[in-house]
Amino acid sequence: MRSAIFAGSFDPFTMGHLDIVKRAAGLFETVHVGVLVNPEKHPLFTPEERRDMIAAAIRGAGIANVKVHVFGGLLVDFARTVRADVNIRGLRNGVDFDYEYSMEFYNKRLSPGLETVYLAADSTHIFLSSSAVRTLMAAKADITGLVPEQIYQLIAERVKSDEQ
Ligand code: PNS
């Protein structure tokens, strides 16, 4: 059976991401979640912190066949490193599709054997985004239910220690 990757910035990892991972884990032998190191962005959490937070959320959801990695550079190289031949992408709407389809064009050029498989977001996650969660966090607004419980706890601890 095939292995798949699911890559992203995950700053932070949301309930929408968790739902995609859960569904992908039901379809593939192993799902390799890749946290992108993007030197151009200034994330709230380091890639290693995000990796550990995501691993905690996945454990909490009882999903066994998922590994979480940090990667830099091209997505196709990450897929090669973990020997996956499917790239999972979640789609909330047509804007996501336009962007993801253009990424697929480049990924196909770079690695014709890597197949992209799209999973439509659950209807309850259509308006959920990491950037909206970051905005709420910055305003100290409630993000209960938008991120997995384990991540909520880690974010709450970080906000508390930043205040001290
Ligand atoms: O969560 P994001 O930031 O929307 O995830 C985007 C991601 C990580 C899938 C995308 O930025 C990516 O693949 N980055 C690695 C660079 C790459 O391989 N780009 C494709 C060819 S241009």
# chains A, B, ... in the order shown; residues from 1 in each chain; ligands from 1
$ residues_around --residues "His69 in chain A" --least-positions-apart "6" --cutoff "8 Å" --atoms "only C-alpha atoms" --output "mmCIF file with N, CA, C and O atoms, in the first residue's frame"
data_model
loop_
_atom_site.group_PDB
_atom_site.id
_atom_site.type_symbol
_atom_site.label_atom_id
_atom_site.label_comp_id
_atom_site.auth_asym_id
_atom_site.auth_seq_id
_atom_site.Cartn_x
_atom_site.Cartn_y
_atom_site.Cartn_z
ATOM 1 N N HIS A 32 3.108 10.858 6.085
ATOM 2 C CA HIS A 32 4.225 11.634 6.604
ATOM 3 C C HIS A 32 3.827 13.111 6.571
ATOM 4 O O HIS A 32 3.688 13.685 5.490
ATOM 5 N N VAL A 33 3.617 13.669 7.742
ATOM 6 C CA VAL A 33 3.306 15.102 7.816
ATOM 7 C C VAL A 33 4.632 15.855 7.792
ATOM 8 O O VAL A 33 5.561 15.524 8.548
ATOM 9 N N GLY A 34 4.754 16.854 6.932
ATOM 10 C CA GLY A 34 6.000 17.627 6.816
ATOM 11 C C GLY A 34 5.773 19.073 7.207
ATOM 12 O O GLY A 34 4.938 19.764 6.611
ATOM 13 N N VAL A 35 6.505 19.531 8.207
ATOM 14 C CA VAL A 35 6.430 20.940 8.625
ATOM 15 C C VAL A 35 7.510 21.702 7.867
ATOM 16 O O VAL A 35 8.707 21.415 8.027
ATOM 17 N N ARG A 51 6.351 20.577 14.992
ATOM 18 C CA ARG A 51 6.406 19.115 14.800
ATOM 19 C C ARG A 51 5.915 18.395 16.058
ATOM 20 O O ARG A 51 5.077 17.480 15.989
#
$ residues_around --residues "Ile63 in chain A" --least-positions-apart "4" --cutoff "8 Å" --atoms "only C-alpha atoms" --output "list in words"
Lys22, Ala25, Ile58 and Arg59 of chain A
$ write_last_selection --atoms "N, CA, C and O atoms" --output "compact mmCIF listing (two decimals), in the first residue's frame"
# COMPACT_ATOMS: atom_id res chain seq x y z
N LYS A 22 -6.37 12.62 9.52
CA LYS A 22 -7.16 11.46 9.96
C LYS A 22 -7.69 10.70 8.75
O LYS A 22 -7.58 9.48 8.65
N ALA A 25 -4.92 9.06 6.75
CA ALA A 25 -4.39 7.89 7.46
C ALA A 25 -5.27 6.67 7.24
O ALA A 25 -4.79 5.53 7.32
N ILE A 58 -1.84 14.33 17.09
CA ILE A 58 -2.11 13.09 16.35
C ILE A 58 -2.19 11.90 17.31
O ILE A 58 -3.08 11.06 17.21
N ARG A 59 -1.31 11.90 18.30
CA ARG A 59 -1.37 10.85 19.34
C ARG A 59 -2.71 10.96 20.08
O ARG A 59 -3.39 9.97 20.32
$ residues_around --residues "Ile151 in chain A" --least-positions-apart "2" --cutoff "12 Å" --atoms "only C-alpha atoms" --output "PyMOL selection string"
chain A and resi 10-15+18+45+49-61+133+143-149+153-158
$ closest_residue --among "A:Gly26, A:Asp98, A:Leu44, A:Leu36" --to "Asp162 in chain A" --atoms "only C-alpha atoms"
A:Leu44
$ select_by_dssp --residues "chain A" --states "alpha helix (DSSP H)" --output "VMD selection string"
chain A and resid 15 to 27 47 to 60 75 to 81 94 to 110 130 to 138 149 to 163
$ closest_residue --among "A:Ser9, A:Thr81, A:Ser111, A:Ser129" --to "ligand 1" --atoms "only C-alpha atoms and all ligand atoms"
A:Ser9
$ closest_residue --among "A:Ala79, A:Ala7, A:Val68, A:Val95" --to "ligand 1" --atoms "only C-alpha atoms and all ligand atoms"
A:Ala7
$ residues_near_ligand --ligand "ligand 1" --cutoff "10 Å" --atoms "only C-alpha atoms and all ligand atoms" --output "VMD selection string"
chain A and resid 5 to 13 17 34 to 38 41 71 to 79 87 to 90 96 99 to 100 102 to 110 129 to 131
$ select_by_dssp --residues "range 98-149 of chain A" --states "strand (DSSP E or B)" --output "ChimeraX atom specification"
/A:115-120
$ residues_around --residues "Leu27 in chain A" --least-positions-apart "3" --cutoff "10 Å" --atoms "only C-alpha atoms" --output "short mmCIF file (atom, residue, chain, number, x, y, z; two decimals) with N, CA, C and O atoms, in the first residue's frame"
data_model
loop_
_atom_site.label_atom_id
_atom_site.label_comp_id
_atom_site.auth_asym_id
_atom_site.auth_seq_id
_atom_site.Cartn_x
_atom_site.Cartn_y
_atom_site.Cartn_z
N MET A 1 0.85 -1.21 0.00
CA MET A 1 0.00 0.00 0.00
C MET A 1 0.88 1.26 0.00
O MET A 1 1.99 1.23 0.50
N ARG A 2 0.35 2.31 -0.54
CA ARG A 2 1.14 3.53 -0.72
C ARG A 2 1.28 4.37 0.54
O ARG A 2 0.44 4.32 1.42
N SER A 3 2.36 5.17 0.53
CA SER A 3 2.54 6.16 1.59
C SER A 3 2.31 7.54 0.98
O SER A 3 2.54 7.76 -0.21
N ALA A 4 1.88 8.46 1.83
CA ALA A 4 1.56 9.81 1.36
C ALA A 4 2.24 10.84 2.24
O ALA A 4 2.59 10.56 3.39
N VAL A 21 -5.52 14.82 8.00
CA VAL A 21 -4.56 13.77 8.39
C VAL A 21 -5.30 12.48 8.75
O VAL A 21 -4.93 11.39 8.32
N LYS A 22 -6.37 12.62 9.52
CA LYS A 22 -7.16 11.46 9.96
C LYS A 22 -7.69 10.70 8.75
O LYS A 22 -7.58 9.48 8.65
N ARG A 23 -8.25 11.43 7.80
CA ARG A 23 -8.84 10.78 6.61
C ARG A 23 -7.76 10.19 5.73
O ARG A 23 -7.92 9.08 5.19
N ALA A 24 -6.64 10.88 5.59
CA ALA A 24 -5.53 10.34 4.78
C ALA A 24 -4.97 9.08 5.42
O ALA A 24 -4.61 8.12 4.72
N THR A 30 1.07 4.74 5.43
CA THR A 30 1.70 5.72 6.32
C THR A 30 1.49 7.12 5.74
O THR A 30 1.56 7.30 4.53
N VAL A 31 1.21 8.05 6.62
CA VAL A 31 1.14 9.46 6.21
C VAL A 31 2.29 10.19 6.89
O VAL A 31 2.45 10.12 8.12
#
